[in-house]
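Participant: Contents of data_15.txt (compact mmCIF, C-alpha atoms):
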# COMPACT_ATOMS: atom_id res chain seq x y z
CA MET A 735 -24.70 0.20 13.95
CA ARG A 736 -26.82 -2.85 14.72
CA GLY A 737 -28.39 -3.00 18.19
CA LYS A 738 -28.52 -5.91 20.62
CA GLU A 739 -31.54 -8.23 20.35
CA ILE A 740 -33.73 -8.60 23.43
CA PHE A 741 -36.52 -11.09 23.99
CA SER A 742 -38.91 -9.81 26.67
CA HIS A 743 -40.29 -6.76 28.46
CA ASP A 744 -38.49 -7.79 31.65
CA GLU A 745 -35.17 -7.98 29.79
CA LEU A 746 -35.82 -4.53 28.28
CA ILE A 747 -36.49 -2.97 31.68
CA ALA A 748 -33.35 -4.58 33.13
CA LYS A 749 -31.24 -3.26 30.21
CA VAL A 750 -32.51 0.36 30.26
CA LYS A 751 -32.96 0.98 33.99
CA ASN A 752 -29.43 2.30 34.62
CA LYS A 753 -28.90 3.98 31.24
CA GLU A 754 -28.91 7.75 30.86
CA ARG A 755 -30.45 7.22 27.41
CA ALA A 756 -31.38 4.01 25.57
CA PHE A 757 -33.44 3.09 22.52
CA LEU A 758 -35.48 0.08 21.45
CA LEU A 759 -36.48 -0.58 17.85
CA LEU A 760 -39.59 -2.73 17.59
CA TYR A 761 -39.62 -4.31 14.15
CA LYS A 762 -41.02 -7.23 12.17
CA LYS A 763 -38.45 -9.17 10.20
CA GLY A 764 -39.34 -9.34 6.52
CA SER A 765 -41.59 -6.28 6.48
CA GLU A 766 -40.44 -3.63 4.02
CA GLN A 767 -40.54 -0.72 6.48
CA SER A 768 -38.82 -2.68 9.25
CA ASP A 769 -36.08 -3.88 6.91
CA CYS A 770 -35.64 -0.26 5.81
CA SER A 771 -35.19 0.84 9.45
CA LEU A 772 -32.68 -1.92 10.20
CA LYS A 773 -30.69 -1.14 7.04
CA ASN A 774 -30.63 2.60 7.78
CA LEU A 775 -29.63 2.04 11.41
CA ASP A 776 -26.72 -0.06 10.14
CA ALA A 777 -25.67 2.88 7.97
CA VAL A 778 -25.44 5.29 10.93
CA ASN A 779 -21.83 6.15 11.73
CA GLU A 780 -19.97 3.90 14.14
CA ASP A 781 -19.25 6.91 16.38
CA GLN A 782 -22.76 6.36 17.69
CA ASP A 783 -21.43 3.51 19.87
CA LYS A 784 -22.14 5.76 22.86
CA VAL A 785 -25.84 5.09 22.21
CA ASP A 786 -27.45 1.95 23.62
CA ILE A 787 -29.78 0.50 20.99
CA PHE A 788 -31.82 -2.65 21.49
CA LEU A 789 -33.92 -4.54 18.97
CA ALA A 790 -37.03 -6.67 19.40
CA ASP A 791 -38.76 -8.57 16.60
CA VAL A 792 -42.49 -8.50 17.40
CA THR A 793 -43.00 -11.90 15.76
CA ASN A 794 -40.91 -13.40 18.60
CA VAL A 795 -41.39 -10.85 21.40
CA ARG A 796 -45.06 -10.41 22.24
CA ASP A 797 -45.05 -8.49 25.53
CA ILE A 798 -43.23 -5.22 24.76
CA HIS A 799 -45.43 -3.46 22.20
CA GLU A 800 -48.55 -4.13 24.30
CA LYS A 801 -47.00 -2.56 27.43
CA PHE A 802 -46.27 0.70 25.56
CA GLY A 803 -49.40 0.79 23.38
CA ILE A 804 -47.47 0.36 20.12
CA THR A 805 -49.70 -0.77 17.25
CA SER A 806 -47.36 -0.44 14.26
CA VAL A 807 -43.76 -1.25 13.43
CA PRO A 808 -41.09 -0.16 12.97
CA THR A 809 -41.23 2.04 16.07
CA MET A 810 -38.28 3.38 18.05
CA LEU A 811 -38.84 3.85 21.78
CA GLU A 812 -36.58 6.22 23.73
CA PHE A 813 -35.84 5.76 27.42
CA ALA A 814 -34.19 8.19 29.83
CA LYS A 815 -32.98 6.81 33.17
CA GLY A 816 -35.23 3.79 32.66
CA GLU A 817 -38.36 5.83 31.92
CA PHE A 818 -40.14 5.71 28.55
CA VAL A 819 -39.96 9.28 27.17
CA ASN A 820 -40.41 9.35 23.40
CA VAL A 821 -41.54 7.39 20.35
CA LEU A 822 -40.43 7.60 16.72
CA LYS A 823 -42.50 5.72 14.16
CA GLY A 824 -41.60 4.53 10.68
CA CYS A 825 -38.41 4.16 8.68
CA HIS A 826 -36.06 7.14 8.60
CA LYS A 827 -32.92 8.01 6.66
CA PRO A 828 -29.54 7.37 8.34
CA GLY A 829 -28.97 11.13 8.78
CA PHE A 830 -32.27 11.48 10.63
CA TYR A 831 -31.37 8.62 12.99
CA LYS A 832 -27.93 10.16 13.54
CA SER A 833 -29.41 13.53 14.55
CA PHE A 834 -32.01 11.78 16.72
CA PHE A 835 -29.24 9.95 18.62
CA ASP A 836 -26.97 13.04 18.66
CA ASN A 837 -29.74 15.00 20.36
CA ALA A 838 -30.06 12.25 22.98
CA ILE A 839 -26.29 12.32 23.62
CA TYR A 840 -26.40 16.13 23.80
CA ALA A 841 -29.25 16.02 26.33
CA SER A 842 -27.46 13.36 28.34
CA LYS A 843 -24.28 15.42 28.63
CA LEU A 844 -26.26 18.42 29.85
CA ALA A 845 -28.23 16.42 32.39
CA ASP A 846 -25.25 15.83 34.67
CA ASN A 847 -24.59 19.45 35.64
CA ASP A 848 -27.74 21.36 34.77
CA LYS A 849 -30.47 22.70 37.01
CA PRO A 850 -34.01 21.36 36.53
CA GLN A 851 -35.58 22.58 33.32
CA LYS A 852 -39.09 23.06 32.05
CA ARG A 853 -40.48 20.26 29.90
CA VAL A 854 -40.11 21.23 26.22
CA THR A 855 -41.69 19.41 23.27
CA VAL A 856 -41.22 20.63 19.70
CA TYR A 857 -43.73 19.48 17.08
CA THR A 858 -42.08 19.37 13.65
CA THR A 859 -42.07 18.03 10.11
CA PRO A 860 -38.91 17.13 8.12
CA THR A 861 -39.47 19.86 5.50
CA CYS A 862 -40.10 22.73 7.95
CA SER A 863 -37.24 25.25 7.98
CA TRP A 864 -38.60 27.11 11.03
CA CYS A 865 -38.60 23.78 12.89
CA THR A 866 -34.86 23.54 12.26
CA THR A 867 -34.46 27.14 13.44
CA ILE A 868 -36.22 26.40 16.74
CA LYS A 869 -34.19 23.23 17.36
CA THR A 870 -30.94 25.08 16.61
CA HIS A 871 -31.96 27.90 18.97
CA LEU A 872 -32.78 25.47 21.79
CA LYS A 873 -29.53 23.52 21.33
CA LYS A 874 -27.49 26.74 21.23
CA HIS A 875 -28.89 27.68 24.64
CA GLY A 876 -28.57 24.21 26.16
CA VAL A 877 -32.30 23.50 26.31
CA ARG A 878 -33.22 19.82 26.24
CA TYR A 879 -36.34 18.99 24.28
CA THR A 880 -38.37 16.15 22.82
CA GLU A 881 -39.10 16.30 19.10
CA LEU A 882 -42.29 14.83 17.67
CA ASP A 883 -42.57 14.56 13.88
CA VAL A 884 -46.29 15.11 13.21
CA SER A 885 -45.96 13.98 9.58
CA ARG A 886 -45.15 10.46 10.80
CA ASP A 887 -46.98 10.33 14.12
CA GLN A 888 -50.73 10.92 13.82
CA ASN A 889 -51.20 10.72 17.60
CA ALA A 890 -48.69 13.55 18.07
CA ALA A 891 -50.45 15.58 15.35
CA ALA A 892 -53.81 15.12 17.09
CA GLU A 893 -52.28 15.99 20.48
CA MET A 894 -50.71 19.15 19.04
CA GLN A 895 -53.98 20.27 17.45
CA ARG A 896 -55.90 19.54 20.66
CA LYS A 897 -53.46 21.65 22.70
CA SER A 898 -53.27 24.67 20.38
CA GLY A 899 -56.23 24.41 18.02
CA GLN A 900 -53.76 24.76 15.12
CA MET A 901 -52.17 22.37 12.63
CA GLY A 902 -49.15 24.40 11.41
CA VAL A 903 -45.61 23.68 12.56
CA PRO A 904 -43.43 24.40 14.35
CA GLN A 905 -45.24 24.37 17.64
CA THR A 906 -43.50 24.27 20.99
CA ASP A 907 -45.02 23.09 24.25
CA ILE A 908 -43.14 24.60 27.20
CA SER A 909 -44.51 22.97 30.34
CA GLY A 910 -48.05 23.14 28.99
CA GLU A 911 -47.89 26.54 27.28
CA MET A 912 -48.17 26.26 23.49
CA ILE A 913 -46.24 28.54 21.14
CA VAL A 914 -47.18 28.44 17.45
CA GLY A 915 -44.34 29.36 15.08
CA PHE A 916 -40.90 30.61 16.08
CA ASP A 917 -41.75 33.32 18.62
CA LYS A 918 -38.19 33.83 19.83
CA SER A 919 -38.93 36.46 22.48
CA ARG A 920 -41.72 34.38 24.05
CA ILE A 921 -39.62 31.18 23.98
CA ASN A 922 -36.70 33.06 25.56
CA ARG A 923 -38.94 34.57 28.25
CA LEU A 924 -40.52 31.20 29.17
CA LEU A 925 -37.16 29.42 29.29
CA GLY A 926 -35.15 32.23 30.91
CA ILE A 927 -32.87 32.63 27.86
CA GLN A 928 -31.03 35.96 27.74
CA GLY A 929 -30.78 37.67 24.33
Once you've parsed the file, please lay out its structure as structure tokens.

Facilitator:
Amino acid sequence: MRGKEIFSHDELIAKVKNKERAFLLLYKKGSEQSDCSLKNLDAVNEDQDKVDIFLADVTNVRDIHEKFGITSVPTMLEFAKGEFVNVLKGCHKPGFYKSFFDNAIYASKLADNDKPQKRVTVYTTPTCSWCTTIKTHLKKHGVRYTELDVSRDQNAAAEMQRKSGQMGVPQTDISGEMIVGFDKSRINRLLGIQG
């Protein structure tokens, strides 16, 4: 599932402004990690054609990474309705990319007929089983969320620790209120989930 190459920040903004969800992979051709990301994106199932993915090689495109404060590649940027909303750094396995895009499609479908929701960010690591439990719980109840993998994103890890004073995962930020661990009753109360 190769994305469409773009060549400037202005082109990026024009491409994502009317999209419910869109993604941009910043990469550097010939770098091991970037080549890994491109290869693994290609391996994602073709049913992901509903996802708009753009590519920009930072050796040719110099104005995008600076605008978003990106200092390393590969980095995937996520946009919702033209607004920059999330970042995913490093190379990931095809299954991880698939679930990342599936979550974006899921959130997009809900956005059309849902009432406004609190902002939810889940801080995770790939090996954390309670992280999976929280994400499954939120999806089951139609709660849109942003996932930040603190094992790959040191800025997210620092932000999480600053907010809660703790390093363990999962942690969930619900409109500024931090929940450490899977505290189902507190999550349900804050999000108005019954049961």

Participant: Could you give me, as a tab-separated table, a per-residue list for segment 880-926 of chain A showing, wherever an atom lies at most 10 Å from an atom of segment 852-861 of chain A, the closest pair of atoms and their distance in Å to one decimal, using all atoms listed in the file and sorting by chain then residue number from low to high?

Facilitator:
residue	atom	partner	partner_atom	distance
A:Thr880	CA	A:Thr855	CA	4.7
A:Glu881	CA	A:Val856	CA	4.9
A:Leu882	CA	A:Tyr857	CA	4.9
A:Asp883	CA	A:Thr858	CA	4.8
A:Val884	CA	A:Thr859	CA	6.0
A:Ser885	CA	A:Thr859	CA	5.6
A:Arg886	CA	A:Thr859	CA	8.2
A:Asp887	CA	A:Thr859	CA	10.0
A:Ala890	CA	A:Tyr857	CA	7.8
A:Ala891	CA	A:Tyr857	CA	8.0
A:Glu893	CA	A:Tyr857	CA	9.8
A:Met894	CA	A:Tyr857	CA	7.3
A:Met901	CA	A:Tyr857	CA	10.0
A:Gly902	CA	A:Thr858	CA	9.0
A:Val903	CA	A:Thr858	CA	5.7
A:Pro904	CA	A:Thr858	CA	5.3
A:Gln905	CA	A:Tyr857	CA	5.1
A:Thr906	CA	A:Val856	CA	4.5
A:Asp907	CA	A:Thr855	CA	5.1
A:Ile908	CA	A:Val854	CA	4.6
A:Ser909	CA	A:Arg853	CA	4.9
A:Gly910	CA	A:Arg853	CA	8.2
A:Glu911	CA	A:Val854	CA	9.5
A:Met912	CA	A:Thr855	CA	9.4
A:Ile913	CA	A:Val856	CA	9.5
A:Val914	CA	A:Tyr857	CA	9.6
A:Leu924	CA	A:Lys852	CA	8.8
A:Leu925	CA	A:Lys852	CA	7.2

Participant: Output C-alpha atoms for every residue in that selection, as a tab-separated table (two decimals), in the coordinates of the input.

Facilitator:
chain	number	residue	atom	x	y	z
A	880	THR	CA	-38.37	16.15	22.82
A	881	GLU	CA	-39.10	16.30	19.10
A	882	LEU	CA	-42.29	14.83	17.67
A	883	ASP	CA	-42.57	14.56	13.88
A	884	VAL	CA	-46.29	15.11	13.21
A	885	SER	CA	-45.96	13.98	9.58
A	886	ARG	CA	-45.15	10.46	10.80
A	887	ASP	CA	-46.98	10.33	14.12
A	890	ALA	CA	-48.69	13.55	18.07
A	891	ALA	CA	-50.45	15.58	15.35
A	893	GLU	CA	-52.28	15.99	20.48
A	894	MET	CA	-50.71	19.15	19.04
A	901	MET	CA	-52.17	22.37	12.63
A	902	GLY	CA	-49.15	24.40	11.41
A	903	VAL	CA	-45.61	23.68	12.56
A	904	PRO	CA	-43.43	24.40	14.35
A	905	GLN	CA	-45.24	24.37	17.64
A	906	THR	CA	-43.50	24.27	20.99
A	907	ASP	CA	-45.02	23.09	24.25
A	908	ILE	CA	-43.14	24.60	27.20
A	909	SER	CA	-44.51	22.97	30.34
A	910	GLY	CA	-48.05	23.14	28.99
A	911	GLU	CA	-47.89	26.54	27.28
A	912	MET	CA	-48.17	26.26	23.49
A	913	ILE	CA	-46.24	28.54	21.14
A	914	VAL	CA	-47.18	28.44	17.45
A	924	LEU	CA	-40.52	31.20	29.17
A	925	LEU	CA	-37.16	29.42	29.29

Participant: Of the candidates A:Phe818, A:Phe916, A:Trp864, A:Phe813, which one gets nearest to Lys753 of chain A if we count all atoms listed in the file?

Facilitator: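 That would be A:Phe813, the residue with the smallest distance to Lys753 of chain A.
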
Participant: I'd like to know which of A:Gly737, A:Gly899, A:Pro808, A:Gly876 is closest to Val785 of chain A, using all atoms listed in the file.

Facilitator: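 For Val785 of chain A, the nearest of the given residues is A:Gly737.
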
Participant: What is the atom CA of Ala790 of chain A-atom CA of Met810 of chain A distance in Å, reported with one decimal?

Facilitator: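 Between atom CA of Ala790 of chain A and atom CA of Met810 of chain A the gap is 10.2 Å.
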
Participant: Name all residues at most 10 Å from Tyr761 of chain A (count all atoms listed in the file; drop same-chain ones fewer than 2 positions away) and give them as an MDAnalysis selection string.

Facilitator: chainID A and resid 758:759 763:765 767:769 771:772 789:793 795 799 806:810 824
